[in-house]
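Novice: Before I ask anything, let me first share the structure, which is written out below as C-alpha cells.
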Amino acid sequence: MNYIKDPILGDYYLVIDDLNYSVYKTIMPDSGTPYDSCIGHFGNLGKALERIAEHKVRQESWTSIKDYITELKNIYNDYKKHFLQ
C-alpha cells in the first residue's frame, strides 16, 4: 500500500492499493491518543478528494445552504489550484 499525505488535506490522507483509494482522517480525542478513522473507499482519486471536501464541510453547522455550498466550492477550488497546476 502507498500513502498520500499532503498538507493541503489537513488531517485527511489517502491509502492507495491496486483496487481503490481509501480516505482516512486522523482523530485526536481528549485522551491524547490519535487514531485513524476510515471515511470511505473510492474507485478514483477525484471521488476520494470530493469526499474529503464534503466531509470537511459536514463537520460544522451552517446557517444557510448558500454558505455551505460556497465553502464546499472553495475547498474544491483550493484542491484544483494546488493539485492540478
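If you're wondering about the labels, chains in the C-alpha cells are A, B, ... by order shown, residues count from 1 in each chain, ligands from 1 in order shown.
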With only C-alpha atoms as the counted atoms, please give the residues lying no more than 12 Å from Pro34 (chain A), apart from itself and same-chain residues fewer than 6 positions off, as a PyMOL selection string.

Specialist: chain A and resi 11+25-28

Novice: Output C-alpha atoms of each residue in that selection to a file, as a tab-separated table (two decimals), in the first residue's frame.

Specialist:
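In the end it all went to again_3.tsv:
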chain	number	residue	atom	x	y	z
A	11	ASP	CA	-5.96	15.65	8.99
A	25	LYS	CA	-8.89	11.04	8.91
A	26	THR	CA	-6.59	11.16	11.92
A	27	ILE	CA	-8.67	11.91	15.02
A	28	MET	CA	-7.13	13.36	18.19

Novice: Residues within 8 Å of Tyr3 (chain A), please, as a list in words. Count only C-alpha atoms; anything in the same chain fewer than 5 positions from it doesn't count.

Specialist: Tyr13, Leu14, Val15 and Ile16 of chain A

Novice: Extract the full set of strand (DSSP E or B) residues from chain A according to DSSP on the backbone, and format it as a PDB file with N, CA and C atoms, in the first residue's frame.

Specialist:
ATOM      1  N   ASN A   2       0.375   2.261  -0.638  1.00  0.00           N
ATOM      2  CA  ASN A   2       1.061   3.542  -0.679  1.00  0.00           C
ATOM      3  C   ASN A   2       0.157   4.604  -0.072  1.00  0.00           C
ATOM      4  N   TYR A   3       0.778   5.692   0.366  1.00  0.00           N
ATOM      5  CA  TYR A   3       0.053   6.759   1.047  1.00  0.00           C
ATOM      6  C   TYR A   3       0.254   8.089   0.339  1.00  0.00           C
ATOM      7  N   ILE A   4      -0.761   8.946   0.433  1.00  0.00           N
ATOM      8  CA  ILE A   4      -0.628  10.342   0.048  1.00  0.00           C
ATOM      9  C   ILE A   4      -1.015  11.156   1.271  1.00  0.00           C
ATOM     10  N   TYR A  12      -6.607  14.634   6.874  1.00  0.00           N
ATOM     11  CA  TYR A  12      -7.008  13.546   5.993  1.00  0.00           C
ATOM     12  C   TYR A  12      -5.802  13.031   5.206  1.00  0.00           C
ATOM     13  N   TYR A  13      -5.864  11.749   4.834  1.00  0.00           N
ATOM     14  CA  TYR A  13      -4.846  11.198   3.951  1.00  0.00           C
ATOM     15  C   TYR A  13      -5.445  10.045   3.156  1.00  0.00           C
ATOM     16  N   LEU A  14      -4.732   9.657   2.107  1.00  0.00           N
ATOM     17  CA  LEU A  14      -5.199   8.595   1.215  1.00  0.00           C
ATOM     18  C   LEU A  14      -4.289   7.386   1.313  1.00  0.00           C
ATOM     19  N   VAL A  15      -4.901   6.222   1.259  1.00  0.00           N
ATOM     20  CA  VAL A  15      -4.166   4.963   1.149  1.00  0.00           C
ATOM     21  C   VAL A  15      -4.537   4.395  -0.219  1.00  0.00           C
ATOM     22  N   ILE A  16      -3.514   4.090  -1.007  1.00  0.00           N
ATOM     23  CA  ILE A  16      -3.738   3.624  -2.370  1.00  0.00           C
ATOM     24  C   ILE A  16      -3.332   2.161  -2.475  1.00  0.00           C
ATOM     25  N   TYR A  21      -8.860   3.919  -3.751  1.00  0.00           N
ATOM     26  CA  TYR A  21      -8.292   4.984  -2.930  1.00  0.00           C
ATOM     27  C   TYR A  21      -9.117   5.030  -1.648  1.00  0.00           C
ATOM     28  N   SER A  22      -8.490   4.806  -0.518  1.00  0.00           N
ATOM     29  CA  SER A  22      -9.191   4.847   0.765  1.00  0.00           C
ATOM     30  C   SER A  22      -8.855   6.152   1.458  1.00  0.00           C
ATOM     31  N   VAL A  23      -9.882   6.806   1.987  1.00  0.00           N
ATOM     32  CA  VAL A  23      -9.706   8.078   2.682  1.00  0.00           C
ATOM     33  C   VAL A  23      -9.782   7.836   4.181  1.00  0.00           C
ATOM     34  N   TYR A  24      -8.810   8.375   4.894  1.00  0.00           N
ATOM     35  CA  TYR A  24      -8.766   8.282   6.352  1.00  0.00           C
ATOM     36  C   TYR A  24      -8.603   9.670   6.945  1.00  0.00           C
ATOM     37  N   LYS A  25      -9.088   9.815   8.147  1.00  0.00           N
ATOM     38  CA  LYS A  25      -8.889  11.044   8.911  1.00  0.00           C
ATOM     39  C   LYS A  25      -8.264  10.662  10.244  1.00  0.00           C
ATOM     40  N   THR A  26      -7.215  11.381  10.618  1.00  0.00           N
ATOM     41  CA  THR A  26      -6.592  11.165  11.915  1.00  0.00           C
ATOM     42  C   THR A  26      -7.362  11.976  12.949  1.00  0.00           C
ATOM     43  N   ILE A  27      -7.872  11.303  13.955  1.00  0.00           N
ATOM     44  CA  ILE A  27      -8.669  11.911  15.024  1.00  0.00           C
ATOM     45  C   ILE A  27      -7.798  12.014  16.278  1.00  0.00           C
ATOM     46  N   TYR A  35      -6.059   8.258  16.571  1.00  0.00           N
ATOM     47  CA  TYR A  35      -6.442   7.060  15.827  1.00  0.00           C
ATOM     48  C   TYR A  35      -6.925   7.480  14.444  1.00  0.00           C
ATOM     49  N   ASP A  36      -6.953   6.547  13.522  1.00  0.00           N
ATOM     50  CA  ASP A  36      -7.371   6.816  12.153  1.00  0.00           C
ATOM     51  C   ASP A  36      -8.766   6.276  11.915  1.00  0.00           C
ATOM     52  N   SER A  37      -9.615   7.113  11.343  1.00  0.00           N
ATOM     53  CA  SER A  37     -10.993   6.740  11.038  1.00  0.00           C
ATOM     54  C   SER A  37     -11.154   6.666   9.522  1.00  0.00           C
ATOM     55  N   CYS A  38     -11.661   5.547   9.028  1.00  0.00           N
ATOM     56  CA  CYS A  38     -11.873   5.380   7.592  1.00  0.00           C
ATOM     57  C   CYS A  38     -13.129   6.145   7.172  1.00  0.00           C
ATOM     58  N   ILE A  39     -12.972   7.010   6.182  1.00  0.00           N
ATOM     59  CA  ILE A  39     -14.090   7.793   5.652  1.00  0.00           C
ATOM     60  C   ILE A  39     -14.769   7.043   4.511  1.00  0.00           C
ATOM     61  N   GLY A  40     -13.988   6.288   3.728  1.00  0.00           N
ATOM     62  CA  GLY A  40     -14.570   5.521   2.637  1.00  0.00           C
ATOM     63  C   GLY A  40     -13.532   5.029   1.655  1.00  0.00           C
ATOM     64  N   HIS A  41     -14.006   4.219   0.700  1.00  0.00           N
ATOM     65  CA  HIS A  41     -13.161   3.649  -0.347  1.00  0.00           C
ATOM     66  C   HIS A  41     -13.739   4.076  -1.689  1.00  0.00           C
ATOM     67  N   PHE A  42     -12.869   4.527  -2.592  1.00  0.00           N
ATOM     68  CA  PHE A  42     -13.331   5.114  -3.846  1.00  0.00           C
ATOM     69  C   PHE A  42     -12.544   4.565  -5.024  1.00  0.00           C
TER      70      PHE A  42
END

Novice: Suppose you want the space between CA of Lys56 (chain A) and CA of Pro29 (chain A); what is it in Å?

Specialist: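 Computing the Euclidean distance for CA of Lys56 (chain A) and CA of Pro29 (chain A) yields 17.2 Å.
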
Novice: Return the single residue from A:Ile52, A:Gly43, A:Leu19, A:Asp30 that is closest to Tyr79 (chain A), with distances computed using only C-alpha atoms.

Specialist: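 Checking each of A:Ile52, A:Gly43, A:Leu19, A:Asp30 against Tyr79 (chain A), counting only C-alpha atoms, the winner is A:Ile52.
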
Novice: Please report, as a PyMOL selection string, each residue of chain A to which DSSP assigns alpha helix (DSSP H) when run on this structure's backbone.

Specialist: chain A and resi 45-57+65-83

Novice: Could you state the separation of CA of Ile8 (chain A) and CA of Gly32 (chain A) in Å, given to one decimal place?

Specialist: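 About the pair CA of Ile8 (chain A) and CA of Gly32 (chain A): they are 23.2 Å apart.
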
Novice: Tell me which of A:Lys73, A:His82, A:Lys47, A:Lys66 sits closest to Leu9 (chain A), counting only C-alpha atoms.

Specialist: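 Checking each candidate against Leu9 (chain A), we get A:His82 as the closest.
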